[in-house]
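A short worksheet on the structure shown next.
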Amino acid sequence: MSRGASRLRFVTKIFGEGFLFLVTCLSLLAVFFIFLFIARDAIPFLLYQPDKGNILLSVTTEDGVVPVRSLQDFKELAAKYGDCGDDVRLKVRLFRHETDDVRVEELRAEIITSMREALTAAQNGKLAEMPDQARGVLGFGVRKAGWLARLSSMTSGRLVQNGAAAKRALEALSLDNVQTRAPEAIEAIESLQKIGKVDPRVYTYFGAMGPEQGGEVVCEKLTVRPLDEKLARRFFQADLSLLRDFLEFPEGSTPVVVTSAATFDWCLIRDFFTGKEWRPAKEPGSFGSAPIFFGSLIVTIGSILVAVPLGVAAAVCLSDILPFEVRQYVKPVIEILAAIPSVAYGFFAVVVFGQILKDYNGKILAGGLWLVCVPLAVLVTVVVADILADKVSAKGKASMIRALTYLFMGGGLLGLLLWGGLTLWGIDIDRGENALNVSIILGIMALPTVVSVSEDALQAVGRDLRAGSYALGATRAETVIKTVIPAAISGIIAAIILGIMRAIGETMVVWMASGNASEFPEPWYNVLKGVSTLTATIARDMGEADHISGAARFHVLFLLALCLLTISFCMNLASEWVVRLQRKKLGK
Amino acid sequence: MQRRTRDVLDKAFTWLGYISIALMAVALILILAPMIWGGSKAFFFRGTIEFRRLQVEEFDHGDPEKLEAEVKEVMPARKPVYDALVAFENATGDKLDRYVAFIREKGKQIEDERERERLEKRLGKIEEAEELSDRIKHMHRAFRRLERNDIQVPDNYPTEIDAVLVDAPKVEKIKQAVRYLLGPLPGEDQPTVLYQRYGSTRWDKATEARDAILYEEKWVLDPDTQLNKRTLEPRIEQFRGTPAEQIFTYIESDENLAAMLKPRFTFYWRFLTDESRESHYYGGVWGEMVGTCALTLGAILFAVPMGVIAAIYLCEYAKPSPVISIVRTCVSTLAGVPSIVFGLFGLAFFLNAIHISPAKSVLAGSLTLGLMILPTIIRASEEAILAVPTTYKEAALGLGAGRWHTVLTVVLPAALPGILTGIVISMGRAAGETAPIIFTAAVATGGTLKLSNLLSVADNPIMEPTLALPWGIYMMCTENIHAAHIRHNQFGMVCVLVGLVLVLNLAAIILRARVSKKLRG
């Protein structure tokens, strides 16, 4: 082989392997980036100062650059420089806070009415002879709907779809082809109707409507120049063009937003974790996440109570009890249980299971209690009676003790259960969406994970251990409980950890069926009250938070996500560590 | 412990195992059965003539001429209802007209010229006024003017006039209910909103609509429990002795209702291929299906090459080193990241940081989903590659093939079915996952993705937001204003999604069965 060829081969090998290695590192990169970007958006929350008014513009006046830190500053400035000659460079109109919600409603109604009018005319074929005024109405509607679409896309992810659809449809509805595009316009009107409330603060930032729409004219004659673009970008999350669209800016000038010097304060973290009130929509919002962590905790514990006993028992049954032929048919059941999409579980929880809970109230709770506990009570009685009888040598006495135990202990336990069940029987469940519902459904969802991972662990315990135990005369139960499970315990713990992760990380079921109440239930163990978890809070509040302007209520959700991520990361490490322990123990 | 106790415990233990497996199976059945049963109602139902009209007019399915003939057939059956409504309204109108005539007659007795003129003006206003309440207001004033001029009027006139005012909203309520059952009344303008243009399209909804006409829902305070209880009051009592009375007796019989609506057993397979109308009030799930398929395929296109290459490297090339163990930890971390965090990451990274598209888009959603299924694919491929017997590799290497050559021609083909199984399972996961696409791709209203534009640069569908089955289910179940009315469509959509995922998983199960047979044999 020539030297060139071998060098070529070497180079391709290095590059090829390098390429493969780089692709492999993608997951490393992904994990790194996920942490980085979630943290990047979470940190501003910790630097945020809700009560120090961290808006607004820096304004160039005749006396130099004046920073504007609050609405009040701005108004004072406007009063001072309001009429400084003819050098009109910028018209800024700000709305009052309290009128904004009403304004949106009015605006929406106005758009819908004007669109309706124009459409009726269009449908009757009268658009051509419509006076300019009516055409204007249509154009006005289009413009405003676009604006509203933009606005709602900034304020609320959930509204984007409606707003964007409306905008698209309305743009399609240019004056020439209004006749043919009428259905789309109707759809647009419909979707406009669906646009809900718009975050009022956005109006304060971008109040750029003509005085004919009732805007309060604050300042007409001020020049605005960039002061610190970096800060501005951070505040508006890099899209200054948005501002330009809404304010009538002269060429070349940039609106600038100055945040007051943000500092890091431990108080914020303490308040975040210990605060009991979660009201992100308040002004200023209160972000106490303790009830949310509590909700996650209680729901997870509930689901683990369902999933772990059932899952471990099923895993033992699969690995030690069922013959191979039956096992083949059980495995797909587990797989299908794992494959059903979470939103379908959520739908089931809301529409079917929640309804059942609501219809049957305490009866279903009592039934569940009896189904689970009566066999257990019988078993415990029998075993205790046997053990007690065992200790007595005389035969007649033994049977008497047995009978007594049956009578007192069995009767007592059953009476206790009867009392408990009857207490539960009388409970009235006023809403199907509660922690209990979510716990049970999440338990079923976590079941496949628990079963398959712990079954693997049980299988990994070799045949020789079992054979040894059987040879010593142990029953199957004794073999499994005293030999196999202790040997596989770390694998089972890993399975439980993975099950917990599944339950903590689940979003849709919780969002749909938990009742979404971000407060402590009263009393705290009441699982029939609504709760809210980390995941559901993120999903729900992100729909209402402002995706772009970077308000506190946006960043706080990233902080929640960071907590979630950290929890799952630690649990993952723990489960890996436990699995490694098991491997070492089994000598593999 | 005695032998007997040990036996009891052993038996209990065995039964515990059996019961847990049985519970799992029961849970599966309990969850799937309502979905399939409810979902079947979206496909199989008794469709009325309104359904066929909807299909012809909105979706262009079916024969317009046949429909027209059918419409002509039902018209005579509907006529009594419409006639009774018209008669009732006319009777109300007649009453008012009689009063007007009465006032005009009496007005002639007024001596003062000016007063008479004013009364005439008032009467003119009564005739001009469009709203019934306005007419009645003017009527009261006219009567008062008569009284002021000392003209004898019946004592009970105010209550009688007000009775008309009471009747009017009642008839409006029935008319609304009749519209819900039969569609717009004859002579009315076509409503702009689509769902008002048709009556009940399904027989089950039609009987509900009939009940809404027959009974008025009222919440009455129950003295025992101090709670409001729902009671149904027969509406006919309010209309005793009026022409509207016969509506109730007429529609009460199933035969008449059937004659008005001509229900027929329908297999609506087009539920899969029709787009939705009015946010799923009518129509099917085509838009959602296309969106979900696009998102899934996008995710697969991104994740499969990356995942398989990573698996090849990890199995065939990597030597144990700290870097590799970190990579492995990262793979399992990635598998454990909650799906909502992926959604936030997609928003923060793809949309807000690198601006992959101006707003939510299929591209951003696919990449997010792809990242989510990456670890599943890596693990499945790794397992498949490790399951290839080493003898294959040794033979190839022995024949002088290079390492890369061996991987490409021997290892990958042998591992392919296993890899495919992993891919199919992760497709199911990507199709069903909601949280990652909420902020990155999914919208609830809008058109179907125009896949024909896939190759064009401008308005490429992958830069557009899309409908998607999981998000559609969430929105339809919780946010839709008609949520309680369109349960059949919700169940239908859930059924389609679950069906899609189950078919994918079934494929994976079958694929794996064949693989294991092959490897064993």
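Each chain in the structure tokens gets a letter, A, B, ..., in the order shown, and its residues are numbered from 1; ligands are numbered from 1 in order too.
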
_Residues within 10 Å of range 15-30 of chain B, only C-alpha atoms, excluding chain neighbours under 3 positions, as a ChimeraX atom specification_ = /A:309-318,320-322,330,333-334,336-337,340,348,352-353,441,444,447-448 /B:9-12,33-35

*chain A residues near chain B (7 Å cut-off, only C-alpha atoms) as a VMD selection string*: chain A and resid 20 to 21 23 to 25 27 to 28 31 34 37 to 38 157 161 to 162 165 310 313 to 314 316 to 317 321 333 336 to 337 339 to 344 348 383 386 to 387 390 475 to 477 505 to 508 535 561 565 568 to 569 572

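The residue that comes closest to Gly421 in chain A, out of A:Val326, A:Val380, A:Val372, A:Ala42 and on the basis of only C-alpha atoms, is A:Val372.
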
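Around Ile492 in chain A, within 6 Å and counting only C-alpha atoms, the residues found are Ser454, Ile489 and Ala495 of chain A, once anything fewer than 3 positions away on its own chain is removed.
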
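Nearest to Lys358 in chain A of all the residues A:Pro523, A:Gly473, A:Gly468, A:Gly432 is A:Gly432, counting only C-alpha atoms.
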
_Residues within 9 Å of Thr405 in chain A, only C-alpha atoms, excluding chain neighbours under 4 positions, as a list in words_ = Thr381, Val382, Val384, Ala385, Leu388, Met400, Ile401, Met409, Gly410 and Gly411 of chain A

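Shortest atom-to-atom contact with Thr421 in chain B among B:Ala508, B:Leu351, B:Val515, B:Val304: B:Ala508, counting only C-alpha atoms.
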
*Leaving out Tyr281 in chain B and any residue of its chain fewer than 4 positions from it, which residues lie within 8 Å of it when counting only C-alpha atoms, given as a PyMOL selection string?*
chain B and resi 195+276-277+482+486+489

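Put simply, CA of Val438 in chain A is 15.9 Å away from CA of Gly368 in chain A.
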
Write out as a PDB file with all heavy atoms, in the first residue's frame each polymer residue whose atoms come within 9 Å of range 236-240 of chain B, counting only C-alpha atoms; drop sequence neighbours fewer than 2 positions from it.
ATOM      1  N   ASP B 167     -95.279  36.876  26.720  1.00  0.00           N
ATOM      2  CA  ASP B 167     -95.313  35.827  25.697  1.00  0.00           C
ATOM      3  C   ASP B 167     -94.133  35.914  24.737  1.00  0.00           C
ATOM      4  O   ASP B 167     -93.611  34.902  24.297  1.00  0.00           O
ATOM      5  CB  ASP B 167     -96.605  35.935  24.877  1.00  0.00           C
ATOM      6  CG  ASP B 167     -97.740  35.217  25.577  1.00  0.00           C
ATOM      7  OD1 ASP B 167     -97.452  34.580  26.603  1.00  0.00           O
ATOM      8  OD2 ASP B 167     -98.881  35.296  25.099  1.00  0.00           O
ATOM      9  N   LYS B 170     -90.968  34.128  25.590  1.00  0.00           N
ATOM     10  CA  LYS B 170     -91.218  32.697  25.636  1.00  0.00           C
ATOM     11  C   LYS B 170     -91.123  32.110  24.246  1.00  0.00           C
ATOM     12  O   LYS B 170     -90.486  31.095  24.015  1.00  0.00           O
ATOM     13  CB  LYS B 170     -92.633  32.470  26.197  1.00  0.00           C
ATOM     14  CG  LYS B 170     -92.686  32.271  27.688  1.00  0.00           C
ATOM     15  CD  LYS B 170     -93.999  31.622  28.042  1.00  0.00           C
ATOM     16  CE  LYS B 170     -94.910  32.603  28.753  1.00  0.00           C
ATOM     17  NZ  LYS B 170     -96.298  32.219  28.801  1.00  0.00           N
ATOM     18  N   LEU B 214     -89.468  20.533  24.786  1.00  0.00           N
ATOM     19  CA  LEU B 214     -90.591  20.047  25.589  1.00  0.00           C
ATOM     20  C   LEU B 214     -90.515  20.510  27.037  1.00  0.00           C
ATOM     21  O   LEU B 214     -91.520  20.805  27.649  1.00  0.00           O
ATOM     22  CB  LEU B 214     -90.628  18.519  25.553  1.00  0.00           C
ATOM     23  CG  LEU B 214     -91.042  17.892  24.225  1.00  0.00           C
ATOM     24  CD1 LEU B 214     -91.023  16.391  24.348  1.00  0.00           C
ATOM     25  CD2 LEU B 214     -92.417  18.371  23.807  1.00  0.00           C
ATOM     26  N   TYR B 215     -89.303  20.527  27.573  1.00  0.00           N
ATOM     27  CA  TYR B 215     -89.176  20.840  28.990  1.00  0.00           C
ATOM     28  C   TYR B 215     -88.289  22.041  29.195  1.00  0.00           C
ATOM     29  O   TYR B 215     -87.318  22.239  28.476  1.00  0.00           O
ATOM     30  CB  TYR B 215     -88.582  19.650  29.751  1.00  0.00           C
ATOM     31  CG  TYR B 215     -89.385  18.402  29.585  1.00  0.00           C
ATOM     32  CD1 TYR B 215     -88.978  17.421  28.695  1.00  0.00           C
ATOM     33  CD2 TYR B 215     -90.548  18.210  30.298  1.00  0.00           C
ATOM     34  CE1 TYR B 215     -89.714  16.279  28.517  1.00  0.00           C
ATOM     35  CE2 TYR B 215     -91.292  17.075  30.127  1.00  0.00           C
ATOM     36  CZ  TYR B 215     -90.877  16.099  29.237  1.00  0.00           C
ATOM     37  OH  TYR B 215     -91.620  14.982  29.066  1.00  0.00           O
ATOM     38  N   GLU B 233     -89.575  21.306  33.782  1.00  0.00           N
ATOM     39  CA  GLU B 233     -90.987  21.652  33.760  1.00  0.00           C
ATOM     40  C   GLU B 233     -91.491  21.544  32.341  1.00  0.00           C
ATOM     41  O   GLU B 233     -90.879  22.087  31.430  1.00  0.00           O
ATOM     42  CB  GLU B 233     -91.163  23.095  34.236  1.00  0.00           C
ATOM     43  CG  GLU B 233     -91.334  23.216  35.719  1.00  0.00           C
ATOM     44  CD  GLU B 233     -91.571  24.642  36.124  1.00  0.00           C
ATOM     45  OE1 GLU B 233     -91.938  25.463  35.257  1.00  0.00           O
ATOM     46  OE2 GLU B 233     -91.369  24.937  37.311  1.00  0.00           O
ATOM     47  N   PRO B 234     -92.619  20.850  32.148  1.00  0.00           N
ATOM     48  CA  PRO B 234     -93.151  20.782  30.781  1.00  0.00           C
ATOM     49  C   PRO B 234     -93.497  22.181  30.307  1.00  0.00           C
ATOM     50  O   PRO B 234     -94.179  22.932  31.005  1.00  0.00           O
ATOM     51  CB  PRO B 234     -94.407  19.920  30.932  1.00  0.00           C
ATOM     52  CG  PRO B 234     -94.286  19.260  32.246  1.00  0.00           C
ATOM     53  CD  PRO B 234     -93.415  20.095  33.105  1.00  0.00           C
ATOM     54  N   THR B 242    -102.979  28.299  23.337  1.00  0.00           N
ATOM     55  CA  THR B 242    -102.468  29.142  22.252  1.00  0.00           C
ATOM     56  C   THR B 242    -102.184  28.250  21.046  1.00  0.00           C
ATOM     57  O   THR B 242    -102.115  27.026  21.183  1.00  0.00           O
ATOM     58  CB  THR B 242    -101.172  29.853  22.659  1.00  0.00           C
ATOM     59  OG1 THR B 242    -100.182  28.844  22.871  1.00  0.00           O
ATOM     60  CG2 THR B 242    -101.360  30.675  23.914  1.00  0.00           C
ATOM     61  N   PRO B 243    -102.003  28.855  19.897  1.00  0.00           N
ATOM     62  CA  PRO B 243    -101.711  28.037  18.707  1.00  0.00           C
ATOM     63  C   PRO B 243    -100.407  27.258  18.845  1.00  0.00           C
ATOM     64  O   PRO B 243    -100.200  26.266  18.143  1.00  0.00           O
ATOM     65  CB  PRO B 243    -101.600  29.056  17.579  1.00  0.00           C
ATOM     66  CG  PRO B 243    -102.232  30.286  18.083  1.00  0.00           C
ATOM     67  CD  PRO B 243    -102.145  30.275  19.552  1.00  0.00           C
ATOM     68  N   ALA B 244     -99.519  27.733  19.738  1.00  0.00           N
ATOM     69  CA  ALA B 244     -98.226  27.054  19.864  1.00  0.00           C
ATOM     70  C   ALA B 244     -98.347  25.716  20.571  1.00  0.00           C
ATOM     71  O   ALA B 244     -97.422  24.909  20.543  1.00  0.00           O
ATOM     72  CB  ALA B 244     -97.247  27.945  20.612  1.00  0.00           C
ATOM     73  N   GLU B 245     -99.488  25.476  21.179  1.00  0.00           N
ATOM     74  CA  GLU B 245     -99.659  24.264  21.975  1.00  0.00           C
ATOM     75  C   GLU B 245     -99.398  23.010  21.151  1.00  0.00           C
ATOM     76  O   GLU B 245     -98.804  22.045  21.630  1.00  0.00           O
ATOM     77  CB  GLU B 245    -101.074  24.243  22.551  1.00  0.00           C
ATOM     78  CG  GLU B 245    -101.288  23.145  23.565  1.00  0.00           C
ATOM     79  CD  GLU B 245    -102.714  23.110  24.067  1.00  0.00           C
ATOM     80  OE1 GLU B 245    -103.480  24.064  23.779  1.00  0.00           O
ATOM     81  OE2 GLU B 245    -103.061  22.129  24.719  1.00  0.00           O
ATOM     82  N   GLN B 246     -99.833  23.043  19.889  1.00  0.00           N
ATOM     83  CA  GLN B 246     -99.756  21.806  19.104  1.00  0.00           C
ATOM     84  C   GLN B 246     -98.333  21.407  18.749  1.00  0.00           C
ATOM     85  O   GLN B 246     -98.076  20.253  18.426  1.00  0.00           O
ATOM     86  CB  GLN B 246    -100.599  21.918  17.845  1.00  0.00           C
ATOM     87  CG  GLN B 246     -99.968  22.805  16.781  1.00  0.00           C
ATOM     88  CD  GLN B 246    -100.751  22.746  15.499  1.00  0.00           C
ATOM     89  OE1 GLN B 246    -101.683  23.498  15.296  1.00  0.00           O
ATOM     90  NE2 GLN B 246    -100.389  21.815  14.636  1.00  0.00           N
ATOM     91  N   ILE B 247     -97.384  22.366  18.836  1.00  0.00           N
ATOM     92  CA  ILE B 247     -95.983  22.013  18.582  1.00  0.00           C
ATOM     93  C   ILE B 247     -95.557  20.875  19.501  1.00  0.00           C
ATOM     94  O   ILE B 247     -94.964  19.887  19.083  1.00  0.00           O
ATOM     95  CB  ILE B 247     -95.055  23.214  18.835  1.00  0.00           C
ATOM     96  CG1 ILE B 247     -95.344  24.318  17.848  1.00  0.00           C
ATOM     97  CG2 ILE B 247     -93.597  22.802  18.732  1.00  0.00           C
ATOM     98  CD1 ILE B 247     -94.503  25.550  18.072  1.00  0.00           C
ATOM     99  N   PHE B 248     -95.940  21.011  20.773  1.00  0.00           N
ATOM    100  CA  PHE B 248     -95.440  20.067  21.767  1.00  0.00           C
ATOM    101  C   PHE B 248     -96.016  18.686  21.550  1.00  0.00           C
ATOM    102  O   PHE B 248     -95.307  17.690  21.586  1.00  0.00           O
ATOM    103  CB  PHE B 248     -95.769  20.591  23.171  1.00  0.00           C
ATOM    104  CG  PHE B 248     -95.174  21.935  23.423  1.00  0.00           C
ATOM    105  CD1 PHE B 248     -95.909  23.091  23.278  1.00  0.00           C
ATOM    106  CD2 PHE B 248     -93.843  22.038  23.762  1.00  0.00           C
ATOM    107  CE1 PHE B 248     -95.344  24.316  23.482  1.00  0.00           C
ATOM    108  CE2 PHE B 248     -93.269  23.269  23.981  1.00  0.00           C
ATOM    109  CZ  PHE B 248     -94.022  24.413  23.835  1.00  0.00           C
ATOM    110  N   THR B 249     -97.335  18.635  21.322  1.00  0.00           N
ATOM    111  CA  THR B 249     -97.931  17.313  21.093  1.00  0.00           C
ATOM    112  C   THR B 249     -97.379  16.711  19.804  1.00  0.00           C
ATOM    113  O   THR B 249     -97.220  15.498  19.696  1.00  0.00           O
ATOM    114  CB  THR B 249     -99.460  17.432  20.998  1.00  0.00           C
ATOM    115  OG1 THR B 249     -99.770  18.530  20.158  1.00  0.00           O
ATOM    116  CG2 THR B 249    -100.052  17.641  22.375  1.00  0.00           C
TER     117      THR B 249
END

*asked:* Residues within 12 Å of range 138-155 of chain B, please, as JSON, numbers by chain. Count only C-alpha atoms; anything in the same chain fewer than 4 positions from it doesn't count.
replied: {"B": [95, 96, 97, 98, 99, 100, 101, 102, 103, 104, 105, 106, 107, 108, 109, 110, 111, 112, 113, 114, 115, 116, 117, 118, 119, 120, 121, 122, 123, 124, 125, 126, 127, 128, 129, 130, 131, 132, 133, 134, 159, 160, 161, 162, 164, 165]}
